[in-house]
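Printed here is protein_20.tsv (TSV, N, CA and C atoms):
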chain	number	residue	atom	x	y	z
A	1	PRO	N	76.13	59.99	94.89
A	1	PRO	CA	75.71	61.16	95.64
A	1	PRO	C	74.71	62.04	94.86
A	2	ARG	N	74.91	62.17	93.56
A	2	ARG	CA	74.01	63.02	92.76
A	2	ARG	C	72.58	62.48	92.79
A	3	GLN	N	72.44	61.17	92.66
A	3	GLN	CA	71.11	60.56	92.67
A	3	GLN	C	70.44	60.73	94.04
A	4	LEU	N	71.20	60.63	95.10
A	4	LEU	CA	70.66	60.82	96.45
A	4	LEU	C	70.17	62.26	96.61
A	5	ILE	N	70.95	63.21	96.13
A	5	ILE	CA	70.55	64.62	96.20
A	5	ILE	C	69.26	64.84	95.43
A	6	GLN	N	69.15	64.27	94.24
A	6	GLN	CA	67.93	64.41	93.44
A	6	GLN	C	66.72	63.82	94.16
A	7	ARG	N	66.90	62.67	94.79
A	7	ARG	CA	65.79	62.04	95.51
A	7	ARG	C	65.32	62.91	96.68
A	8	VAL	N	66.27	63.48	97.40
A	8	VAL	CA	65.91	64.34	98.52
A	8	VAL	C	65.21	65.60	98.01
A	9	GLN	N	65.74	66.21	96.95
A	9	GLN	CA	65.11	67.40	96.37
A	9	GLN	C	63.69	67.09	95.91
A	10	ASN	N	63.52	65.96	95.22
A	10	ASN	CA	62.19	65.58	94.73
A	10	ASN	C	61.21	65.41	95.88
A	11	GLU	N	61.65	64.80	96.96
A	11	GLU	CA	60.77	64.59	98.12
A	11	GLU	C	60.39	65.91	98.77
A	12	VAL	N	61.35	66.80	98.92
A	12	VAL	CA	61.07	68.11	99.52
A	12	VAL	C	60.08	68.88	98.65
A	13	ILE	N	60.30	68.90	97.35
A	13	ILE	CA	59.40	69.61	96.43
A	13	ILE	C	58.01	69.01	96.49
A	14	PHE	N	57.90	67.70	96.53
A	14	PHE	CA	56.60	67.04	96.61
A	14	PHE	C	55.89	67.42	97.91
A	15	GLN	N	56.61	67.43	99.02
A	15	GLN	CA	56.01	67.79	100.31
A	15	GLN	C	55.52	69.24	100.31
A	16	VAL	N	56.30	70.13	99.75
A	16	VAL	CA	55.90	71.54	99.67
A	16	VAL	C	54.66	71.67	98.80
A	17	SER	N	54.63	70.97	97.67
A	17	SER	CA	53.46	71.01	96.78
A	17	SER	C	52.21	70.51	97.49
A	18	SER	N	52.36	69.45	98.27
A	18	SER	CA	51.23	68.90	99.02
A	18	SER	C	50.71	69.90	100.05
A	19	GLU	N	51.63	70.58	100.72
A	19	GLU	CA	51.24	71.58	101.72
A	19	GLU	C	50.53	72.76	101.05
A	20	ILE	N	51.04	73.20	99.92
A	20	ILE	CA	50.41	74.30	99.18
A	20	ILE	C	49.00	73.88	98.76
A	21	LYS	N	48.87	72.66	98.30
A	21	LYS	CA	47.56	72.16	97.85
A	21	LYS	C	46.55	72.18	98.99
A	22	SER	N	46.97	71.80	100.19
A	22	SER	CA	46.02	71.78	101.30
A	22	SER	C	45.74	73.19	101.83
A	23	GLN	N	46.74	74.05	101.82
A	23	GLN	CA	46.57	75.39	102.38
A	23	GLN	C	45.84	76.34	101.43
A	24	TYR	N	46.06	76.20	100.13
A	24	TYR	CA	45.52	77.16	99.16
A	24	TYR	C	44.49	76.54	98.22
A	25	ARG	N	43.94	75.40	98.56
A	25	ARG	CA	42.95	74.72	97.70
A	25	ARG	C	41.88	75.71	97.26
A	26	GLY	N	41.61	75.72	95.96
A	26	GLY	CA	40.58	76.59	95.41
A	26	GLY	C	41.11	77.92	94.89
A	27	GLU	N	42.32	78.31	95.33
A	27	GLU	CA	42.93	79.54	94.81
A	27	GLU	C	43.44	79.28	93.39
A	28	ARG	N	43.68	80.34	92.68
A	28	ARG	CA	44.23	80.22	91.33
A	28	ARG	C	45.75	80.38	91.37
A	29	TYR	N	46.43	79.80	90.37
A	29	TYR	CA	47.87	79.97	90.26
A	29	TYR	C	48.27	80.00	88.79
A	30	ARG	N	49.40	80.64	88.53
A	30	ARG	CA	49.97	80.68	87.18
A	30	ARG	C	51.14	79.70	87.16
A	31	TRP	N	51.18	78.86	86.13
A	31	TRP	CA	52.25	77.87	85.97
A	31	TRP	C	53.47	78.59	85.43
A	32	LEU	N	54.60	78.51	86.13
A	32	LEU	CA	55.83	79.17	85.73
A	32	LEU	C	56.81	78.19	85.10
A	33	PRO	N	57.69	78.67	84.23
A	33	PRO	CA	58.63	77.78	83.54
A	33	PRO	C	59.56	77.04	84.48
A	34	SER	N	60.03	75.92	83.99
A	34	SER	CA	60.97	75.08	84.71
A	34	SER	C	62.38	75.66	84.61
A	35	ASP	N	63.21	75.36	85.62
A	35	ASP	CA	64.61	75.73	85.54
A	35	ASP	C	65.48	74.51	85.20
A	36	ALA	N	64.84	73.43	84.76
A	36	ALA	CA	65.56	72.21	84.39
A	36	ALA	C	66.31	72.40	83.08
A	37	GLU	N	67.40	71.66	82.92
A	37	GLU	CA	68.17	71.72	81.68
A	37	GLU	C	67.33	71.24	80.50
A	38	GLU	N	66.51	70.22	80.73
A	38	GLU	CA	65.62	69.69	79.70
A	38	GLU	C	64.19	69.67	80.25
A	39	PRO	N	63.45	70.78	80.12
A	39	PRO	CA	62.09	70.85	80.64
A	39	PRO	C	61.17	69.81	79.99
A	40	ASP	N	60.18	69.38	80.73
A	40	ASP	CA	59.18	68.43	80.25
A	40	ASP	C	58.33	69.12	79.17
A	41	PRO	N	58.28	68.56	77.95
A	41	PRO	CA	57.49	69.18	76.89
A	41	PRO	C	56.00	69.33	77.24
A	42	GLU	N	55.45	68.38	78.00
A	42	GLU	CA	54.05	68.49	78.40
A	42	GLU	C	53.84	69.67	79.35
A	43	HIS	N	54.78	69.88	80.25
A	43	HIS	CA	54.68	70.99	81.19
A	43	HIS	C	54.90	72.32	80.48
A	44	GLN	N	55.73	72.34	79.44
A	44	GLN	CA	55.96	73.58	78.70
A	44	GLN	C	54.66	74.12	78.11
A	45	LEU	N	53.73	73.25	77.81
A	45	LEU	CA	52.43	73.68	77.28
A	45	LEU	C	51.62	74.45	78.32
A	46	ASN	N	51.96	74.28	79.61
A	46	ASN	CA	51.23	74.95	80.70
A	46	ASN	C	51.81	76.30	81.08
A	47	TYR	N	53.01	76.63	80.60
A	47	TYR	CA	53.68	77.86	81.01
A	47	TYR	C	52.77	79.07	80.79
A	48	GLY	N	52.59	79.85	81.84
A	48	GLY	CA	51.81	81.08	81.77
A	48	GLY	C	50.31	80.90	81.92
A	49	LYS	N	49.83	79.67	81.88
A	49	LYS	CA	48.39	79.42	82.00
A	49	LYS	C	47.98	79.45	83.48
A	50	ILE	N	46.72	79.77	83.71
A	50	ILE	CA	46.19	79.86	85.07
A	50	ILE	C	45.31	78.64	85.36
A	51	PHE	N	45.53	78.05	86.54
A	51	PHE	CA	44.82	76.86	86.97
A	51	PHE	C	44.28	77.08	88.38
A	52	VAL	N	43.47	76.16	88.86
A	52	VAL	CA	42.95	76.19	90.23
A	52	VAL	C	43.69	75.13	91.04
A	53	ILE	N	44.17	75.52	92.21
A	53	ILE	CA	44.89	74.59	93.07
A	53	ILE	C	43.93	73.49	93.52
A	54	GLY	N	44.36	72.26	93.31
A	54	GLY	CA	43.54	71.11	93.68
A	54	GLY	C	42.85	70.46	92.50
A	55	ASP	N	42.84	71.14	91.34
A	55	ASP	CA	42.24	70.58	90.13
A	55	ASP	C	43.35	70.14	89.19
A	56	GLY	N	43.63	68.85	89.16
A	56	GLY	CA	44.64	68.32	88.26
A	56	GLY	C	46.06	68.42	88.81
A	57	GLU	N	47.00	68.06	87.94
A	57	GLU	CA	48.42	68.06	88.31
A	57	GLU	C	48.92	69.49	88.52
A	58	MET	N	49.79	69.64	89.51
A	58	MET	CA	50.39	70.94	89.81
A	58	MET	C	51.90	70.85	89.64
A	59	PRO	N	52.56	72.01	89.48
A	59	PRO	CA	54.03	71.99	89.44
A	59	PRO	C	54.59	71.33	90.69
A	60	GLY	N	55.59	70.48	90.49
A	60	GLY	CA	56.25	69.83	91.61
A	60	GLY	C	55.66	68.49	92.01
A	61	GLU	N	54.50	68.15	91.49
A	61	GLU	CA	53.90	66.87	91.89
A	61	GLU	C	54.52	65.69	91.16
A	62	ARG	N	54.92	65.89	89.93
A	62	ARG	CA	55.56	64.81	89.18
A	62	ARG	C	57.03	64.76	89.57
A	63	ILE	N	57.56	63.58	89.78
A	63	ILE	CA	58.95	63.42	90.17
A	63	ILE	C	59.84	64.07	89.11
A	64	GLY	N	60.76	64.91	89.58
A	64	GLY	CA	61.69	65.58	88.70
A	64	GLY	C	61.20	66.91	88.16
A	65	CYS	N	59.96	67.25	88.42
A	65	CYS	CA	59.41	68.52	87.93
A	65	CYS	C	60.08	69.67	88.65
A	66	ARG	N	60.55	70.64	87.89
A	66	ARG	CA	61.20	71.81	88.47
A	66	ARG	C	60.49	73.10	88.05
A	67	CYS	N	59.22	72.95	87.66
A	67	CYS	CA	58.42	74.11	87.31
A	67	CYS	C	58.06	74.88	88.57
A	68	GLY	N	57.68	76.12	88.40
A	68	GLY	CA	57.28	76.93	89.53
A	68	GLY	C	55.82	77.32	89.42
A	69	MET	N	55.33	78.01	90.44
A	69	MET	CA	53.96	78.51	90.41
A	69	MET	C	53.91	79.86	91.09
A	70	GLU	N	52.97	80.66	90.64
A	70	GLU	CA	52.71	81.96	91.24
A	70	GLU	C	51.26	81.90	91.72
A	71	ILE	N	51.07	81.86	93.04
A	71	ILE	CA	49.72	81.77	93.59
A	71	ILE	C	49.09	83.15	93.51
A	72	LEU	N	47.89	83.19	92.96
A	72	LEU	CA	47.18	84.44	92.77
A	72	LEU	C	46.06	84.53	93.80
A	73	THR	N	46.26	85.34	94.82
A	73	THR	CA	45.26	85.52	95.85
A	73	THR	C	44.68	86.91	95.73
A	74	ASP	N	43.60	87.18	96.43
A	74	ASP	CA	42.97	88.49	96.38
A	74	ASP	C	43.85	89.58	97.01
A	75	ASP	N	44.60	89.23	98.03
A	75	ASP	CA	45.34	90.23	98.78
A	75	ASP	C	46.80	90.39	98.36
A	76	THR	N	47.39	89.32	97.86
A	76	THR	CA	48.83	89.37	97.62
A	76	THR	C	49.21	88.38	96.52
A	77	GLN	N	50.43	88.42	96.12
A	77	GLN	CA	50.95	87.49	95.11
A	77	GLN	C	52.09	86.73	95.74
A	78	LEU	N	52.06	85.41	95.69
A	78	LEU	CA	53.08	84.57	96.29
A	78	LEU	C	53.82	83.82	95.20
A	79	ASP	N	55.13	83.98	95.09
A	79	ASP	CA	55.94	83.26	94.12
A	79	ASP	C	56.59	82.08	94.81
A	80	LEU	N	56.29	80.85	94.33
A	80	LEU	CA	56.85	79.64	94.92
A	80	LEU	C	57.48	78.79	93.86
Encoded form (structure tokens):
Amino acid sequence: PRQLIQRVQNEVIFQVSSEIKSQYRGERYRWLPSDAEEPDPEHQLNYGKIFVIGDGEMPGERIGCRCGMEILTDDTQLDL
């Protein structure tokens, strides 16, 4: 059951990331820390850095990634 739950969570996170990528392409975002028990060391290097949506890997795209993002728009701030 635990593995099934992880697979479903990973798929949902991937789908949300894909939707964000298509809806906010070109906007900037800040990479937020993971809530995983053992965060990915490569992703830890991105914490707090600002990237452009659609350029390179984003939080949630890699299977098992539990990092977050803060989308930085001109009008508002969205925490996802």
> To one decimal place, how far is atom CA of Met69 of chain A from atom N of Trp31 of chain A in Å?
Replying inline: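 Distance between the two atoms: 5.1 Å.
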> Looking at A:Pro39, A:Pro1, A:Gly48, A:Gly54, which one is nearest to Ser22 of chain A, with distances taken over all atoms listed in the file?
Replying inline: A:Gly54
> Could you pull the residues within 8 Å of Asn46 of chain A, counting all atoms listed in the file, minus those fewer than 5 positions along the same chain, as JSON, numbers by chain?
Replying inline: {"A": [30, 31, 32, 33, 41]}
>> With all atoms listed in the file as the counted atoms, please give the residues lying no more than 8 Å from Arg62 of chain A, apart from itself and same-chain residues fewer than 6 positions off, as a list of chain:residue names.
In response: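 The residues that qualify are A:Asn10, A:Ile13, A:Phe14.
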Output of the above residues as a tab-separated table (two decimals), keeping the file's coordinate frame, restricted to N, CA and C atoms:
chain	number	residue	atom	x	y	z
A	10	ASN	N	63.52	65.96	95.22
A	10	ASN	CA	62.19	65.58	94.73
A	10	ASN	C	61.21	65.41	95.88
A	13	ILE	N	60.30	68.90	97.35
A	13	ILE	CA	59.40	69.61	96.43
A	13	ILE	C	58.01	69.01	96.49
A	14	PHE	N	57.90	67.70	96.53
A	14	PHE	CA	56.60	67.04	96.61
A	14	PHE	C	55.89	67.42	97.91
> Nearest to Gly56 of chain A among A:Glu19, A:Gly26, A:Glu37, A:Gln6, with distances taken over only C-alpha atoms: which residue is it?
Replying inline: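 Looking only at the distances to Gly56 of chain A, the closest residue turns out to be A:Gly26.
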>> Among chain A, which residues does DSSP mark as helix (DSSP H, G or I) when it is run on the backbone? Keep the chain and numbering as in the structure and answer as a ChimeraX atom specification.
In response: /A:2-24,41-44
> Using only C-alpha atoms, which residues sit within 10 Å of Ser18 of chain A once same-chain residues fewer than 6 positions away are excluded, as a ChimeraX atom specification?
Replying inline: /A:12,54,58,60-61
> How far is it from atom C of Gly68 of chain A to atom CA of Tyr47 of chain A, in Å with one decimal?
Replying inline: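 Atom CA of Tyr47 of chain A lies 8.7 Å from atom C of Gly68 of chain A.
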> For the atom pair atom N of Glu70 of chain A and atom N of Val16 of chain A, what is the interatomic distance in Å to one decimal place?
Replying inline: 14.3 Å
> Smallest atom-to-atom distance to Ser34 of chain A: which of A:Glu57, A:Phe51, A:Ile71, A:Cys65, using only N, CA and C atoms?
Replying inline: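 Closest to Ser34 of chain A of all the choices is A:Cys65.
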>> For the strand (DSSP E or B) assignment from backbone DSSP, which residues of chain A qualify? Please present them as a list in words.
In response: Arg28, Tyr29, Arg30, Trp31, Leu32, Ile50, Phe51, Val52, Gly68, Met69, Glu70, Ile71, Leu72, Gln77, Leu78 and Asp79 of chain A
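Remark: for Asp74 of chain A, the closest of the candidate residues A:Gln9, A:Pro59, A:Lys21, A:Arg28 is A:Arg28 (distances computed over all atoms listed in the file).
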